[in-house]
Amino acid sequence: MEATGFSDFFEKTTAMRPRPWQLALAGEGTCQNRLIRIPTGFGKTLGVLGAWLYHRVHRKDAAWPRRLVWCLPMRVLVEQTEWEIRQALETTKLLWDGVEEHRGKVGVHTLMGGVDSGEWHLYPEACSVLIGTQDMLLSRTLNRGYAAARAKWPLEFGLLNQDSLWVMDEVQLMDVGLATSAQLQAFRQEDGAKELRPCRTWWMSATLQESWLESVDTQGLLQGLAPAQGLEDQDRSTELWKVKKACRVEKVPDEKIADLVVKHHSEGSLTLVVVNTVKMALEVHKGLNTKGRKYDLRLVHSRFRPFERGSWRQDFLSRTAAIPPGGRVIVATQVIEAGVDISAKTLVTDLAPWSSLVQRFGRCARYEGESGQAIVMDRGLEEDEKKARPYDPASLKEAKKALGDLKSAAPAALREFEQELGPERRSALYPYTPKHLLLRREWDELFDTTPDLSGADIDVSRFIRSGDEMDLLVFWREIPDDGPSAEWKPGRQELCPVSFLEARDWLCGKKSGASGPERIKRDLSKNRPVAWVWDWLDGAWKADTQRRDLLPGRIVLVAADFGGYSPQFGWSPAEKKAPPIPGSVAAPAQEFADDAQSHEDLSEAEWKTIATHGQEVAALAVKIADELSLPRDLCAALDVAGLWHDVGKAHPCFQGSMRLDPGRPQRGDLAKAPKAAWGRNHLYRSVPDGDHRPGFRHELAGALALFSMLEQGAPNHPALSPRLLELVGSRAQTPDPTRPLEAWEKRVAEIADVRLFNLIAYLVAAHHGKVRLRPHASPQDQDYRAKDARGMPVRGVREGDTLPPIVGTRAVTGPQALTLEPALLGLSDRTGPSWTERTLSLLDHHGPGALALLEAVIRAADVRASRDGKPDPLLGGEARP
C-alpha cells in the first residue's frame, strides 16, 4: 500500500494527518487477527476505522470483511463511538441514509436492543459498521441475542460470525467476555477451510497482554497473530507523549470525598471523579450537590436510558463541550474509562486494577500542551472483599503497590514503568483468570435455537459477564386497564439496563436464603402485576411472570406508576413513578413476525402468488450470493430454496387464514395478502372443515413437500437413500414413480448431491428462524384434539396433509401428500435418514457460521422481496414467460 494513498484518504475522512502508528496499521494490506496497544488520546477509533474503510470501501479489497463490528464494554461508550464514526462517514459522503441504494455506502447501526436498531441484517452483501456492547454483540455470536427477537438470533449469528472484522475495544473492562471473544475466534479459525467469508478480530487496549487470550483452544490463534501494533517512535516525540501529569495517593474516608473534590477543583476547569460502583457515585454526587455551588455538576453511570444519555456528548461529554466559568465536576463510574473524549485538569479516582487506572489516567491532561493531576483515593478498598467489589482485593493491592513507584501518569512515565516490570510482577499487575471458558462443544450446541416446552433456553450470560454486572433491560409504559398491548415493542431510547439480581429483588421482593417471593409483585388497587416479560409461544406480554423469568438479556415491561427511574439519577428503585418516554417507536413487520411463534406480519402485503414470490426471492438470493462471491453450488442451492421457500403456504390452514377480504383471488396458492384479509380468529383455520392448527409453520410443510415430491416422482433419488434401505432390508425394492415432475420439482431432482438437497430442505425450513435443527411438537400441538387417527401434529402439520399444485404460467409443483417421517428419529423406510441426522451433517460440513450465513441470505432475500410492492403478473397484467 502506498503511504500517500492512505494519508490523503485519512485526511479527507478526518481532516487530520494520520499519526505514524495509524499509517503503519493501514500499511498492512492483509486483514489478520492482531493486538493493538495504543495509549488513550492517540486516535484509536479513527485509526482503526480509517484502516478498514481504506481497504474494504475505498480500495474495494474483497479479502477484507464487509462488516466492522465495534464491541465496547460499556453502554455509555456506544453513543460516543457511533457519533465519531458517523461524522467521519458523513465527511466522505459514504454514510448510508437507510433509504437510498446501499451499494457503495456504509451503514452505521447500534445494537443496544429495541426495535429501532436498524436493518443491517437485511443487507448481507453491503458494508456496515455495527456498534454495541459486549452484552448485545457477544450474545448474538452465541445465538442467543439479548433484547433481540428470538427468530432473528440465527440471522444475526450468521452475519456476525462471517464477513466481520471484530474490534474488541478496551478489553481490560470486558471480564469473561474477553476470553469468549478469543475462544470464538479460535473456533472460527478452526473452521477456516469451511469459511465462506473471512471473520477476524482485533483486540485493543493500552494495557493489553497477549497472555489474556491464552487457553488450550487458542494456541493456534496466538501463533498466527499479526505483529502487535503499538506506537511508532515518531509518535513518542510529540508533546502529548510528554504531557505533565502528576500522580499521588491520598487517604480519604467515604464521607470526605466531596470535600476532597472541592478542595482540588479549579474554576473554569474540568474535574473528573471516578468511583467503582453506582451506589458510591450517587452518594458522591449528593455530597457535591450543595446549595450555592458554582460548578456545573454531572452524573454518569450505566443505569441511564439512552433517552437521557443522548444529550451528554453535546452538553458535557466531549472535547467541544463548553465549560462554564465555575468549572464542571463529572461524577462517574468506570464507564468513563474508554471511548470518551474529555480531558480533566484534575482526576480523582478510586483505587482500581492497574489496567483500569491507566485508562482513567488517560482522561486527565489528554491533549497536547495541557497539564493536570491524578489523585488516587485510598479508602481501604483492598482490605475487604465486599468493599473491593466489583474487583478482587488482590488486584487492588498490586495496583496500590505500583502507585508507590509512580510519580507521573504521563504516557512516557507509564511506558518507562512498564518496561521495568519483570515477568512475575507483570503477571501480578495484569491478572486475568476468567470464571468460565466457552468450549467448542458448547458453541456447536448453541447453534440449535429450539426452546424447551416452556419456551426456556440455554443461559449464555456466564460467557458474557460475571456476577452483578449481568443485566436485563427495563422499559416503562402507562398501562391501560386491559393490560399491555401485544403490539408494544420498546424503542432503543426506552431501555434501561438493570442488574438482573437487583431487578429480581425490586420486582419480586427480597429472598431470605432459599425462601422468598417467586412471583412478580401485584398492584392490588388495579388487580394486575407491576411488570411483564414477553411470551414467545403466546405472542403476548406474560402476566404471570416469575423470578426465574428475569434473566440477563431479557426485556421487562414495568408499569410507570410502580416507579424505579429518575431522569436525573437513572435507575432508582426508591422512585415512586417513572416517566415513560414520549411517543413510541413503530415496530417493523419483521419484528412482530420474529418475536412470536404464530405471527404472519411478513405475509401482509398486496396479493401475491407463491409462484411469483418464489421466483422473486430466488432471484434476489442469487444476486446476494453473487455479491458475496459464494461457490456456484451454494448459489444453485439458494436459487432452488428461494423458489420452494413458501410452497408450504399452499396448506389449507394457511390459505384459510386469508379469508376476510372479499377481493381475494380465487386460487389456493397465495403467499401474500393485505392486512384486511387476516383475522386473529381465523389464523391457521382451514376452509371448509374449520380444522384449527395453532402454531402452524408453513416452512416445515414446505420442507416436507420436498421429501414427498421425491417419494412420488423420483423414488430412486440418492437423498432418499434407496440403496441403503434395500441393503438393511427396509425395502425389497425401490417403488416406481407415481407421477411426473413439474418444473420446480425437476430442479430438485436434478441435484444428485445429497448434501445440497439437505441444504435446500434446511433453508426452506429455516427461512423464518423458527424451524431449524429439531422440528418437534410444540405445546399447541400437544393440545390439538384430533378428529381422526392421523396422530398429533408437528408444528401444525399432520401425517397425510396435502398441498395442492403451485401454478405459475403453468404448474411448477404437483400435489403433495405430506409425511412426518423425516421428523422422526432413526432411518425411515420411506424418506431415509432423519431430519436431525441430515441437519447435524450439514452443521459438521459447513460449520456453524457458514451454515447460518446461508440462512441469512435466504431470509434477507425473503424480507426484501416481500417489501418490493411489485404487482403479480399472474393476478392480472402481463404474465411472465
# chains A, B, ... in the order shown; residues from 1 in each chain; ligands from 1
call {"tool": "residues_around", "arguments": {"residues": "region 397-407 of chain A", "least_positions_apart": "6", "cutoff": "6 Å", "atoms": "only C-alpha atoms", "output": "PyMOL selection string"}}
result
chain A and resi 247+353-354+382+429
call {"tool": "closest_atom_pairs", "arguments": {"of": "region 331-442 of chain A", "to": "region 469-483 of chain A", "cutoff": "12 Å", "atoms": "only C-alpha atoms", "output": "Markdown table"}}
result
| residue | atom | partner | partner_atom | distance |
| --- | --- | --- | --- | --- |
| A:Arg389 | CA | A:Glu469 | CA | 10.8 |
| A:Pro390 | CA | A:Glu469 | CA | 8.4 |
| A:Tyr391 | CA | A:Glu469 | CA | 11.4 |
call {"tool": "write_last_selection", "arguments": {"atoms": "N, CA, C and O atoms", "output": "short mmCIF file (atom, residue, chain, number, x, y, z; two decimals), in the first residue's frame"}}
result
data_model
loop_
_atom_site.label_atom_id
_atom_site.label_comp_id
_atom_site.auth_asym_id
_atom_site.auth_seq_id
_atom_site.Cartn_x
_atom_site.Cartn_y
_atom_site.Cartn_z
N ARG A 389 -15.52 -4.78 45.70
CA ARG A 389 -16.36 -5.06 44.54
C ARG A 389 -16.55 -3.83 43.67
O ARG A 389 -16.65 -2.73 44.18
N PRO A 390 -16.56 -4.02 42.34
CA PRO A 390 -16.64 -5.28 41.59
C PRO A 390 -15.29 -5.93 41.32
O PRO A 390 -15.19 -6.84 40.49
N TYR A 391 -14.23 -5.48 41.96
CA TYR A 391 -12.89 -6.02 41.74
C TYR A 391 -12.52 -6.95 42.89
O TYR A 391 -13.22 -7.01 43.91
#
call {"tool": "residues_around", "arguments": {"residues": "Ile257 (chain A)", "least_positions_apart": "3", "cutoff": "12 Å", "atoms": "only C-alpha atoms", "output": "VMD selection string"}}
result
chain A and resid 250 to 254 260 to 264 273 to 275 280 to 281 283 to 288 331 348 to 350 375 to 379
call {"tool": "residues_around", "arguments": {"residues": "Pro740 (chain A)", "least_positions_apart": "2", "cutoff": "12 Å", "atoms": "only C-alpha atoms", "output": "list in words"}}
result
Met709, Leu710, Glu711, Gln712, Gly713, Ala714, Pro715, Asp736, Pro737, Thr738, Glu742, Ala743, Trp744, Glu745, Lys746, Ala749, Ala811, Val812, Thr813, Gly814 and Pro815 of chain A
call {"tool": "atom_distance", "arguments": {"atom1": "CA of Leu142 (chain A)", "atom2": "CA of Val556 (chain A)"}}
result
21.5 Å
call {"tool": "atom_distance", "arguments": {"atom1": "CA of Thr14 (chain A)", "atom2": "CA of Leu95 (chain A)"}}
result
14.0 Å
call {"tool": "atom_distance", "arguments": {"atom1": "CA of Val167 (chain A)", "atom2": "CA of Gly41 (chain A)"}}
result
17.6 Å
call {"tool": "select_by_dssp", "arguments": {"residues": "region 408-595 of chain A", "states": "alpha helix (DSSP H)", "output": "ChimeraX atom specification"}}
result
/A:411-419,423-429,440-445,500-508,589-594
